[in-house]
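Enquirer: Structure file upload-v8.cif, mmCIF, N, CA and C atoms, is pasted below:
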data_entry
#
loop_
_atom_site.label_atom_id
_atom_site.label_comp_id
_atom_site.auth_asym_id
_atom_site.auth_seq_id
_atom_site.Cartn_x
_atom_site.Cartn_y
_atom_site.Cartn_z
N MET A 1153 130.48 110.10 88.04
CA MET A 1153 130.94 108.98 88.85
C MET A 1153 129.90 107.85 88.80
N ILE A 1154 130.37 106.64 88.90
CA ILE A 1154 129.51 105.46 88.88
C ILE A 1154 128.94 105.23 90.28
N ASP A 1155 127.64 104.97 90.34
CA ASP A 1155 126.98 104.63 91.60
C ASP A 1155 127.08 103.11 91.79
N HIS A 1156 127.94 102.67 92.69
CA HIS A 1156 128.16 101.24 92.91
C HIS A 1156 127.09 100.58 93.75
N ALA A 1157 126.15 101.36 94.28
CA ALA A 1157 125.07 100.81 95.10
C ALA A 1157 123.81 100.57 94.28
N LEU A 1158 123.96 100.25 93.02
CA LEU A 1158 122.80 99.94 92.17
C LEU A 1158 122.70 98.44 91.99
N GLY A 1159 121.50 97.92 92.12
CA GLY A 1159 121.27 96.52 91.88
C GLY A 1159 121.66 96.12 90.47
N SER A 1160 121.47 97.03 89.52
CA SER A 1160 121.81 96.73 88.13
C SER A 1160 123.31 96.58 87.92
N LEU A 1161 124.13 97.04 88.88
CA LEU A 1161 125.59 96.87 88.80
C LEU A 1161 126.10 95.78 89.74
N GLY A 1162 125.17 94.98 90.27
CA GLY A 1162 125.56 93.85 91.09
C GLY A 1162 125.45 94.03 92.59
N ALA A 1163 125.07 95.23 93.06
CA ALA A 1163 124.88 95.43 94.50
C ALA A 1163 123.65 94.65 94.96
N GLN A 1164 123.69 94.20 96.22
CA GLN A 1164 122.58 93.43 96.79
C GLN A 1164 122.30 93.90 98.21
N ILE A 1165 121.04 93.82 98.60
CA ILE A 1165 120.68 93.98 100.01
C ILE A 1165 120.73 92.57 100.58
N VAL A 1166 121.68 92.32 101.49
CA VAL A 1166 121.83 90.97 102.04
C VAL A 1166 121.18 90.80 103.40
N LEU A 1167 120.75 91.92 104.01
CA LEU A 1167 120.05 91.86 105.28
C LEU A 1167 119.24 93.14 105.44
N ALA A 1168 118.04 93.00 105.95
CA ALA A 1168 117.24 94.15 106.36
C ALA A 1168 116.50 93.75 107.63
N ALA A 1169 116.49 94.63 108.62
CA ALA A 1169 115.89 94.32 109.91
C ALA A 1169 114.38 94.17 109.83
N SER A 1170 113.78 94.75 108.81
CA SER A 1170 112.33 94.66 108.63
C SER A 1170 112.02 94.72 107.15
N SER A 1171 110.82 94.27 106.82
CA SER A 1171 110.43 94.30 105.41
C SER A 1171 108.93 94.43 105.30
N ASP A 1172 108.51 95.24 104.37
CA ASP A 1172 107.11 95.45 104.04
C ASP A 1172 106.98 95.05 102.58
N GLU A 1173 106.05 94.15 102.26
CA GLU A 1173 105.96 93.65 100.88
C GLU A 1173 105.70 94.76 99.86
N ASN A 1174 105.10 95.85 100.28
CA ASN A 1174 104.87 96.97 99.35
C ASN A 1174 106.07 97.89 99.22
N HIS A 1175 106.99 97.83 100.19
CA HIS A 1175 108.17 98.70 100.21
C HIS A 1175 109.39 97.88 100.62
N PRO A 1176 109.83 96.95 99.76
CA PRO A 1176 110.93 96.04 100.13
C PRO A 1176 112.28 96.75 100.15
N PRO A 1177 113.25 96.18 100.86
CA PRO A 1177 114.56 96.81 100.98
C PRO A 1177 115.29 96.96 99.64
N GLU A 1178 114.98 96.12 98.65
CA GLU A 1178 115.63 96.23 97.34
C GLU A 1178 115.35 97.58 96.67
N ASN A 1179 114.31 98.27 97.11
CA ASN A 1179 114.03 99.61 96.57
C ASN A 1179 115.15 100.60 96.86
N ILE A 1180 115.94 100.34 97.89
CA ILE A 1180 117.04 101.23 98.26
C ILE A 1180 118.08 101.30 97.14
N ILE A 1181 118.25 100.21 96.40
CA ILE A 1181 119.32 100.13 95.40
C ILE A 1181 118.81 100.11 93.96
N ASP A 1182 117.56 100.58 93.76
CA ASP A 1182 117.03 100.60 92.39
C ASP A 1182 117.31 101.92 91.65
N GLY A 1183 117.93 102.90 92.35
CA GLY A 1183 118.29 104.16 91.71
C GLY A 1183 117.17 105.17 91.61
N ASN A 1184 116.01 104.86 92.18
CA ASN A 1184 114.82 105.69 92.05
C ASN A 1184 114.42 106.22 93.43
N THR A 1185 114.38 107.53 93.60
CA THR A 1185 113.97 108.10 94.90
C THR A 1185 112.45 108.05 95.11
N GLU A 1186 111.70 107.65 94.09
CA GLU A 1186 110.24 107.54 94.23
C GLU A 1186 109.85 106.22 94.92
N THR A 1187 110.74 105.22 94.89
CA THR A 1187 110.48 103.97 95.60
C THR A 1187 111.31 103.97 96.87
N PHE A 1188 110.92 103.15 97.84
CA PHE A 1188 111.61 103.20 99.12
C PHE A 1188 111.41 101.93 99.93
N TRP A 1189 112.29 101.75 100.93
CA TRP A 1189 112.15 100.74 101.97
C TRP A 1189 111.54 101.43 103.17
N MET A 1190 110.53 100.80 103.77
CA MET A 1190 109.87 101.35 104.95
C MET A 1190 110.17 100.45 106.14
N SER A 1191 110.63 101.06 107.22
CA SER A 1191 110.85 100.27 108.44
C SER A 1191 109.49 99.90 109.04
N THR A 1192 109.51 98.95 109.95
CA THR A 1192 108.27 98.52 110.59
C THR A 1192 108.17 99.01 112.04
N GLY A 1193 108.87 100.09 112.35
CA GLY A 1193 108.80 100.65 113.69
C GLY A 1193 109.90 100.10 114.58
N MET A 1194 110.07 100.71 115.73
CA MET A 1194 111.11 100.36 116.71
C MET A 1194 112.51 100.53 116.14
N PHE A 1195 113.42 100.88 117.02
CA PHE A 1195 114.80 101.11 116.62
C PHE A 1195 115.73 100.30 117.51
N PRO A 1196 116.88 99.89 117.02
CA PRO A 1196 117.46 100.27 115.73
C PRO A 1196 116.86 99.46 114.56
N GLN A 1197 116.99 100.01 113.38
CA GLN A 1197 116.67 99.35 112.11
C GLN A 1197 117.96 99.34 111.31
N GLU A 1198 118.19 98.30 110.53
CA GLU A 1198 119.43 98.25 109.76
C GLU A 1198 119.24 97.53 108.45
N PHE A 1199 120.16 97.81 107.53
CA PHE A 1199 120.25 97.05 106.29
C PHE A 1199 121.71 97.02 105.86
N ILE A 1200 122.06 95.98 105.11
CA ILE A 1200 123.43 95.80 104.64
C ILE A 1200 123.43 95.71 103.12
N ILE A 1201 124.30 96.51 102.49
CA ILE A 1201 124.50 96.45 101.05
C ILE A 1201 125.81 95.72 100.78
N ARG A 1202 125.75 94.71 99.91
CA ARG A 1202 126.95 94.00 99.44
C ARG A 1202 127.25 94.49 98.03
N PHE A 1203 128.51 94.83 97.80
CA PHE A 1203 128.92 95.29 96.47
C PHE A 1203 129.38 94.10 95.63
N ALA A 1204 129.38 94.29 94.33
CA ALA A 1204 129.79 93.23 93.41
C ALA A 1204 131.23 92.82 93.64
N GLU A 1205 132.05 93.76 94.12
CA GLU A 1205 133.45 93.48 94.43
C GLU A 1205 133.93 94.50 95.46
N SER A 1206 135.06 94.23 96.07
CA SER A 1206 135.65 95.16 97.02
C SER A 1206 135.97 96.46 96.29
N MET A 1207 135.72 97.59 96.95
CA MET A 1207 135.95 98.88 96.28
C MET A 1207 136.37 99.97 97.24
N LYS A 1208 136.99 100.99 96.68
CA LYS A 1208 137.31 102.19 97.43
C LYS A 1208 136.12 103.14 97.32
N ILE A 1209 135.68 103.66 98.47
CA ILE A 1209 134.48 104.49 98.52
C ILE A 1209 134.88 105.91 98.90
N ALA A 1210 134.52 106.85 98.05
CA ALA A 1210 134.81 108.26 98.31
C ALA A 1210 133.64 108.94 99.02
N LEU A 1211 132.41 108.58 98.62
CA LEU A 1211 131.23 109.31 99.11
C LEU A 1211 130.02 108.39 99.14
N VAL A 1212 129.26 108.46 100.23
CA VAL A 1212 127.96 107.81 100.34
C VAL A 1212 126.92 108.91 100.49
N THR A 1213 125.84 108.82 99.72
CA THR A 1213 124.73 109.77 99.83
C THR A 1213 123.46 108.99 100.13
N MET A 1214 122.71 109.45 101.12
CA MET A 1214 121.48 108.77 101.51
C MET A 1214 120.30 109.73 101.39
N HIS A 1215 119.25 109.25 100.73
CA HIS A 1215 117.98 109.98 100.59
C HIS A 1215 116.96 109.23 101.43
N CYS A 1216 116.39 109.90 102.43
CA CYS A 1216 115.52 109.21 103.37
C CYS A 1216 114.49 110.18 103.94
N TYR A 1217 113.65 109.65 104.84
CA TYR A 1217 112.65 110.48 105.50
C TYR A 1217 112.49 110.01 106.94
N ASN A 1218 112.45 110.95 107.87
CA ASN A 1218 112.25 110.74 109.30
C ASN A 1218 113.42 110.07 110.03
N VAL A 1219 114.59 109.96 109.40
CA VAL A 1219 115.76 109.41 110.08
C VAL A 1219 116.35 110.51 110.97
N LYS A 1220 116.60 110.17 112.23
CA LYS A 1220 117.23 111.14 113.14
C LYS A 1220 118.72 110.88 113.26
N THR A 1221 119.11 109.65 113.61
CA THR A 1221 120.54 109.34 113.70
C THR A 1221 120.84 108.05 112.93
N LEU A 1222 122.00 108.07 112.29
CA LEU A 1222 122.42 106.94 111.46
C LEU A 1222 123.89 106.65 111.70
N LYS A 1223 124.22 105.37 111.79
CA LYS A 1223 125.61 104.92 111.84
C LYS A 1223 125.88 104.12 110.58
N ILE A 1224 127.08 104.29 110.01
CA ILE A 1224 127.51 103.48 108.88
C ILE A 1224 128.74 102.70 109.32
N GLU A 1225 128.71 101.40 109.02
CA GLU A 1225 129.84 100.53 109.31
C GLU A 1225 130.25 99.82 108.03
N LYS A 1226 131.52 99.41 107.95
CA LYS A 1226 132.01 98.73 106.76
C LYS A 1226 132.59 97.37 107.14
N SER A 1227 132.61 96.49 106.15
CA SER A 1227 133.25 95.19 106.28
C SER A 1227 134.06 94.96 105.02
N ILE A 1228 135.20 94.31 105.19
CA ILE A 1228 136.00 93.93 104.03
C ILE A 1228 136.00 92.41 103.85
N SER A 1229 135.17 91.71 104.66
CA SER A 1229 135.08 90.25 104.55
C SER A 1229 134.13 89.87 103.42
N ASP A 1230 134.20 88.62 103.00
CA ASP A 1230 133.31 88.13 101.95
C ASP A 1230 131.92 87.81 102.46
N ASP A 1231 131.79 87.62 103.77
CA ASP A 1231 130.52 87.14 104.32
C ASP A 1231 129.85 88.11 105.31
N ALA A 1232 130.05 89.39 105.15
CA ALA A 1232 129.36 90.42 105.95
C ALA A 1232 129.56 90.23 107.46
N THR A 1233 130.83 90.08 107.87
CA THR A 1233 131.15 89.99 109.29
C THR A 1233 132.25 91.00 109.60
N ASP A 1234 132.58 91.13 110.87
CA ASP A 1234 133.68 92.00 111.32
C ASP A 1234 133.50 93.44 110.85
N PHE A 1235 132.36 94.02 111.18
CA PHE A 1235 132.09 95.40 110.80
C PHE A 1235 132.84 96.38 111.69
N GLU A 1236 133.20 97.51 111.11
CA GLU A 1236 133.92 98.56 111.81
C GLU A 1236 133.21 99.89 111.53
N ALA A 1237 132.96 100.67 112.57
CA ALA A 1237 132.26 101.96 112.42
C ALA A 1237 133.10 102.92 111.60
N ILE A 1238 132.46 103.62 110.65
CA ILE A 1238 133.19 104.60 109.84
C ILE A 1238 132.55 105.98 109.84
N SER A 1239 131.26 106.07 110.23
CA SER A 1239 130.62 107.38 110.26
C SER A 1239 129.36 107.32 111.09
N GLU A 1240 129.01 108.46 111.69
CA GLU A 1240 127.76 108.58 112.44
C GLU A 1240 127.30 110.02 112.30
N LYS A 1241 125.99 110.19 112.15
CA LYS A 1241 125.49 111.54 111.89
C LYS A 1241 124.07 111.69 112.42
N GLU A 1242 123.75 112.89 112.92
CA GLU A 1242 122.37 113.24 113.24
C GLU A 1242 121.83 114.06 112.08
N PHE A 1243 120.68 113.66 111.57
CA PHE A 1243 120.07 114.32 110.42
C PHE A 1243 119.14 115.44 110.88
N GLU A 1244 119.08 116.45 110.07
CA GLU A 1244 118.14 117.54 110.31
C GLU A 1244 116.74 117.06 109.92
N HIS A 1245 115.74 117.43 110.73
CA HIS A 1245 114.36 117.04 110.41
C HIS A 1245 113.84 117.88 109.25
N THR A 1246 113.27 117.22 108.28
CA THR A 1246 112.67 117.92 107.14
C THR A 1246 111.21 117.51 107.07
N GLU A 1247 110.35 118.46 106.90
CA GLU A 1247 108.92 118.18 106.83
C GLU A 1247 108.47 118.31 105.39
N GLY A 1248 107.93 117.24 104.83
CA GLY A 1248 107.36 117.30 103.50
C GLY A 1248 108.32 117.05 102.35
N HIS A 1249 109.61 116.85 102.63
CA HIS A 1249 110.54 116.49 101.56
C HIS A 1249 111.66 115.60 102.11
N LEU A 1250 112.37 114.94 101.21
CA LEU A 1250 113.39 113.98 101.61
C LEU A 1250 114.59 114.64 102.28
N GLN A 1251 115.17 113.91 103.21
CA GLN A 1251 116.46 114.30 103.78
C GLN A 1251 117.53 113.76 102.84
N THR A 1252 118.52 114.58 102.53
CA THR A 1252 119.65 114.14 101.72
C THR A 1252 120.92 114.45 102.50
N ASN A 1253 121.69 113.40 102.79
CA ASN A 1253 122.90 113.56 103.59
C ASN A 1253 124.07 112.87 102.92
N ASP A 1254 125.21 113.57 102.89
CA ASP A 1254 126.44 113.06 102.32
C ASP A 1254 127.39 112.62 103.43
N PHE A 1255 128.10 111.53 103.16
CA PHE A 1255 129.11 110.99 104.07
C PHE A 1255 130.40 110.83 103.29
N PRO A 1256 131.33 111.80 103.35
CA PRO A 1256 132.62 111.63 102.67
C PRO A 1256 133.42 110.54 103.39
N LEU A 1257 133.91 109.56 102.64
CA LEU A 1257 134.61 108.43 103.26
C LEU A 1257 136.07 108.32 102.82
N ASN A 1258 136.54 109.25 102.02
CA ASN A 1258 137.97 109.38 101.71
C ASN A 1258 138.65 108.10 101.23
N GLY A 1259 137.98 107.33 100.39
CA GLY A 1259 138.62 106.17 99.79
C GLY A 1259 138.71 104.95 100.66
N THR A 1260 137.85 104.83 101.67
CA THR A 1260 137.85 103.62 102.50
C THR A 1260 137.45 102.42 101.64
N THR A 1261 138.02 101.26 101.92
CA THR A 1261 137.74 100.05 101.15
C THR A 1261 136.68 99.22 101.86
N ALA A 1262 135.73 98.66 101.09
CA ALA A 1262 134.67 97.84 101.68
C ALA A 1262 134.09 96.87 100.67
N THR A 1263 133.62 95.75 101.19
CA THR A 1263 132.81 94.81 100.40
C THR A 1263 131.34 94.95 100.78
N HIS A 1264 131.09 95.43 102.01
CA HIS A 1264 129.74 95.62 102.53
C HIS A 1264 129.67 96.93 103.31
N LEU A 1265 128.51 97.56 103.28
CA LEU A 1265 128.23 98.69 104.16
C LEU A 1265 126.97 98.36 104.95
N ARG A 1266 127.04 98.57 106.27
CA ARG A 1266 125.86 98.38 107.13
C ARG A 1266 125.38 99.76 107.57
N PHE A 1267 124.11 100.01 107.38
CA PHE A 1267 123.47 101.27 107.75
C PHE A 1267 122.55 100.97 108.93
N ILE A 1268 122.79 101.64 110.06
CA ILE A 1268 122.01 101.40 111.27
C ILE A 1268 121.29 102.70 111.64
N VAL A 1269 119.98 102.69 111.52
CA VAL A 1269 119.15 103.82 111.93
C VAL A 1269 118.91 103.63 113.42
N THR A 1270 119.56 104.46 114.23
CA THR A 1270 119.46 104.28 115.68
C THR A 1270 118.27 105.03 116.29
N SER A 1271 117.77 106.04 115.58
CA SER A 1271 116.57 106.75 116.04
C SER A 1271 115.93 107.48 114.87
N GLY A 1272 114.65 107.79 115.05
CA GLY A 1272 113.92 108.50 114.01
C GLY A 1272 113.09 109.61 114.59
N TYR A 1273 112.57 110.45 113.71
CA TYR A 1273 111.67 111.53 114.13
C TYR A 1273 110.23 111.04 114.25
N ASP A 1274 109.99 109.78 113.88
CA ASP A 1274 108.68 109.15 113.98
C ASP A 1274 108.94 107.67 114.23
N HIS A 1275 107.89 106.88 114.39
CA HIS A 1275 108.05 105.45 114.62
C HIS A 1275 108.54 104.73 113.37
N PHE A 1276 108.27 105.30 112.20
CA PHE A 1276 108.63 104.69 110.94
C PHE A 1276 109.57 105.62 110.17
N VAL A 1277 110.53 105.03 109.48
CA VAL A 1277 111.42 105.79 108.61
C VAL A 1277 111.37 105.14 107.23
N SER A 1278 111.76 105.92 106.22
CA SER A 1278 111.87 105.35 104.88
C SER A 1278 113.23 105.74 104.31
N VAL A 1279 113.83 104.78 103.61
CA VAL A 1279 115.09 105.02 102.91
C VAL A 1279 114.79 104.86 101.43
N HIS A 1280 114.98 105.94 100.68
CA HIS A 1280 114.60 105.98 99.27
C HIS A 1280 115.74 105.59 98.35
N ARG A 1281 116.95 105.97 98.71
CA ARG A 1281 118.08 105.64 97.86
C ARG A 1281 119.38 105.82 98.64
N VAL A 1282 120.31 104.93 98.38
CA VAL A 1282 121.68 105.09 98.84
C VAL A 1282 122.55 105.04 97.61
N SER A 1283 123.41 106.03 97.44
CA SER A 1283 124.36 105.99 96.33
C SER A 1283 125.78 105.97 96.90
N VAL A 1284 126.65 105.24 96.21
CA VAL A 1284 128.03 105.03 96.66
C VAL A 1284 128.95 105.31 95.50
N GLU A 1285 129.85 106.28 95.67
CA GLU A 1285 130.80 106.62 94.61
C GLU A 1285 132.21 106.32 95.07
#
Let me see whether you can do it: turn the structure in this file into structure tokens.

Expert:
Amino acid sequence: MIDHALGSLGAQIVLAASSDENHPPENIIDGNTETFWMSTGMFPQEFIIRFAESMKIALVTMHCYNVKTLKIEKSISDDATDFEAISEKEFEHTEGHLQTNDFPLNGTTATHLRFIVTSGYDHFVSVHRVSVE
């Protein structure tokens, strides 16, 4: 399956609640779990991925560290407005390795996905990769 959340396929990070010059949000969509976006503390933290075009989404997979709860919302607008909640999950704490969580979305249509980290297991969280099929 094609990962539509890759910058090389036209996906963009159009908003991030925080940014660290050494760990920018664009690392989320580079396809590499060795690079990552690091939050700057405090919750909620969020980022929005814009796809190259509107698409049907079967599955979202997130590779991260220290995320406790996450909400995913979708938009079908061209300008990242009118978001609607589509999934929410509490992640299991993992020590020393990445958390990997799947979100089956059963063909929902979206132009944007907003990921909201509502709490973490520490003051800082990292998101290494989001893949969208």

Enquirer: Taking 5 positions as the minimum chain separation for residues in the same chain, which residues sit within 10 Å of Thr1252 (chain A) when counting only C-alpha atoms? Answer as a list of chain:residue names.

Expert: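 In the requested format, the answer is A:Thr1213, A:Met1214, A:His1215, A:Cys1216, A:Tyr1217, A:Phe1243, A:Glu1244, A:Thr1246, A:His1280, A:Arg1281, A:Val1282.
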
Enquirer: Assuming the chain letters and numbering stay as they are in my file, what does the PyMOL selection byres (((chain A and resi 1181 and name CA) around 7) and name CA) actually select? List them as a ChimeraX atom specification.

Expert: /A:1157-1159,1178-1180,1182-1183,1281-1282

Enquirer: Under the rule that all atoms listed in the file are counted, which of A:Leu1265, A:Leu1211, A:Ile1201, A:Leu1161 is the nearest residue to Ser1283 (chain A)?

Expert: A:Leu1211

Enquirer: Could you list, as a ChimeraX atom specification, every residue within 6.5 Å of Gly1193 (chain A), counting all atoms listed in the file and ignoring same-chain residues fewer than 4 positions away?

Expert: /A:1275-1277

Enquirer: If you run DSSP on this backbone, which residues of chain A come out as strand (DSSP E), and could you give them as a ChimeraX atom specification?

Expert: /A:1164-1168,1189-1190,1197-1217,1219-1227,1236-1242,1251-1272,1278-1284

Enquirer: Go ahead and find all residues with at least one atom no further than 8 Å from (106.2, 103.6, 105.6) in the file's coordinates, using all atoms listed in the file; report them as number ranges by chain.

Expert: A: 1175, 1188-1192, 1276-1279

Enquirer: Taking (128.3, 90.1, 102.3) as a centre in this file's frame and 7 Å as the limit, can you find every polymer residue with an atom that close, using all atoms listed in the file, and give them as number ranges by chain?

Expert: A: 1166, 1201-1203, 1229-1233, 1263-1264

Enquirer: Quick one: pull the distance between atom C of Gln1251 (chain A) and CA of Asp1234 (chain A), Å, one decimal.

Expert: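 Going from atom C of Gln1251 (chain A) over to CA of Asp1234 (chain A), I get 28.4 Å.
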
Enquirer: In Å, rounded to a single decimal, give me how far CA of Ser1170 (chain A) is from atom N of Ala1204 (chain A).

Expert: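 These atoms are spaced 22.3 Å apart.
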
Enquirer: What's the separation between CA of Ala1163 (chain A) and atom C of Gln1197 (chain A), in Å to one decimal place?

Expert: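 Separating CA of Ala1163 (chain A) from atom C of Gln1197 (chain A) is a distance of 18.6 Å.
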
Enquirer: Can you tell me, as a PyMOL selection string, what residues are no more than 7 Å from Arg1266 (chain A) when counting only N, CA and C atoms, ignoring any on the same chain fewer than 2 positions away?

Expert: chain A and resi 1198-1201+1223-1227+1264+1268

Enquirer: With N, CA and C atoms retained, export the selected residues as a tab-separated table (two decimals), in the coordinates of the input.

Expert:
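Saved result, part_22.tsv, follows:
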chain	number	residue	atom	x	y	z
A	1198	GLU	N	118.19	98.30	110.53
A	1198	GLU	CA	119.43	98.25	109.76
A	1198	GLU	C	119.24	97.53	108.45
A	1199	PHE	N	120.16	97.81	107.53
A	1199	PHE	CA	120.25	97.05	106.29
A	1199	PHE	C	121.71	97.02	105.86
A	1200	ILE	N	122.06	95.98	105.11
A	1200	ILE	CA	123.43	95.80	104.64
A	1200	ILE	C	123.43	95.71	103.12
A	1201	ILE	N	124.30	96.51	102.49
A	1201	ILE	CA	124.50	96.45	101.05
A	1201	ILE	C	125.81	95.72	100.78
A	1223	LYS	N	124.22	105.37	111.79
A	1223	LYS	CA	125.61	104.92	111.84
A	1223	LYS	C	125.88	104.12	110.58
A	1224	ILE	N	127.08	104.29	110.01
A	1224	ILE	CA	127.51	103.48	108.88
A	1224	ILE	C	128.74	102.70	109.32
A	1225	GLU	N	128.71	101.40	109.02
A	1225	GLU	CA	129.84	100.53	109.31
A	1225	GLU	C	130.25	99.82	108.03
A	1226	LYS	N	131.52	99.41	107.95
A	1226	LYS	CA	132.01	98.73	106.76
A	1226	LYS	C	132.59	97.37	107.14
A	1227	SER	N	132.61	96.49	106.15
A	1227	SER	CA	133.25	95.19	106.28
A	1227	SER	C	134.06	94.96	105.02
A	1264	HIS	N	131.09	95.43	102.01
A	1264	HIS	CA	129.74	95.62	102.53
A	1264	HIS	C	129.67	96.93	103.31
A	1268	ILE	N	122.79	101.64	110.06
A	1268	ILE	CA	122.01	101.40	111.27
A	1268	ILE	C	121.29	102.70	111.64

Enquirer: Care to translate the PyMOL selection byres ((chain A and resi 1240) around 6) into actual residues of this file, as a PyMOL selection string?

Expert: chain A and resi 1222-1224+1238-1239+1241-1242
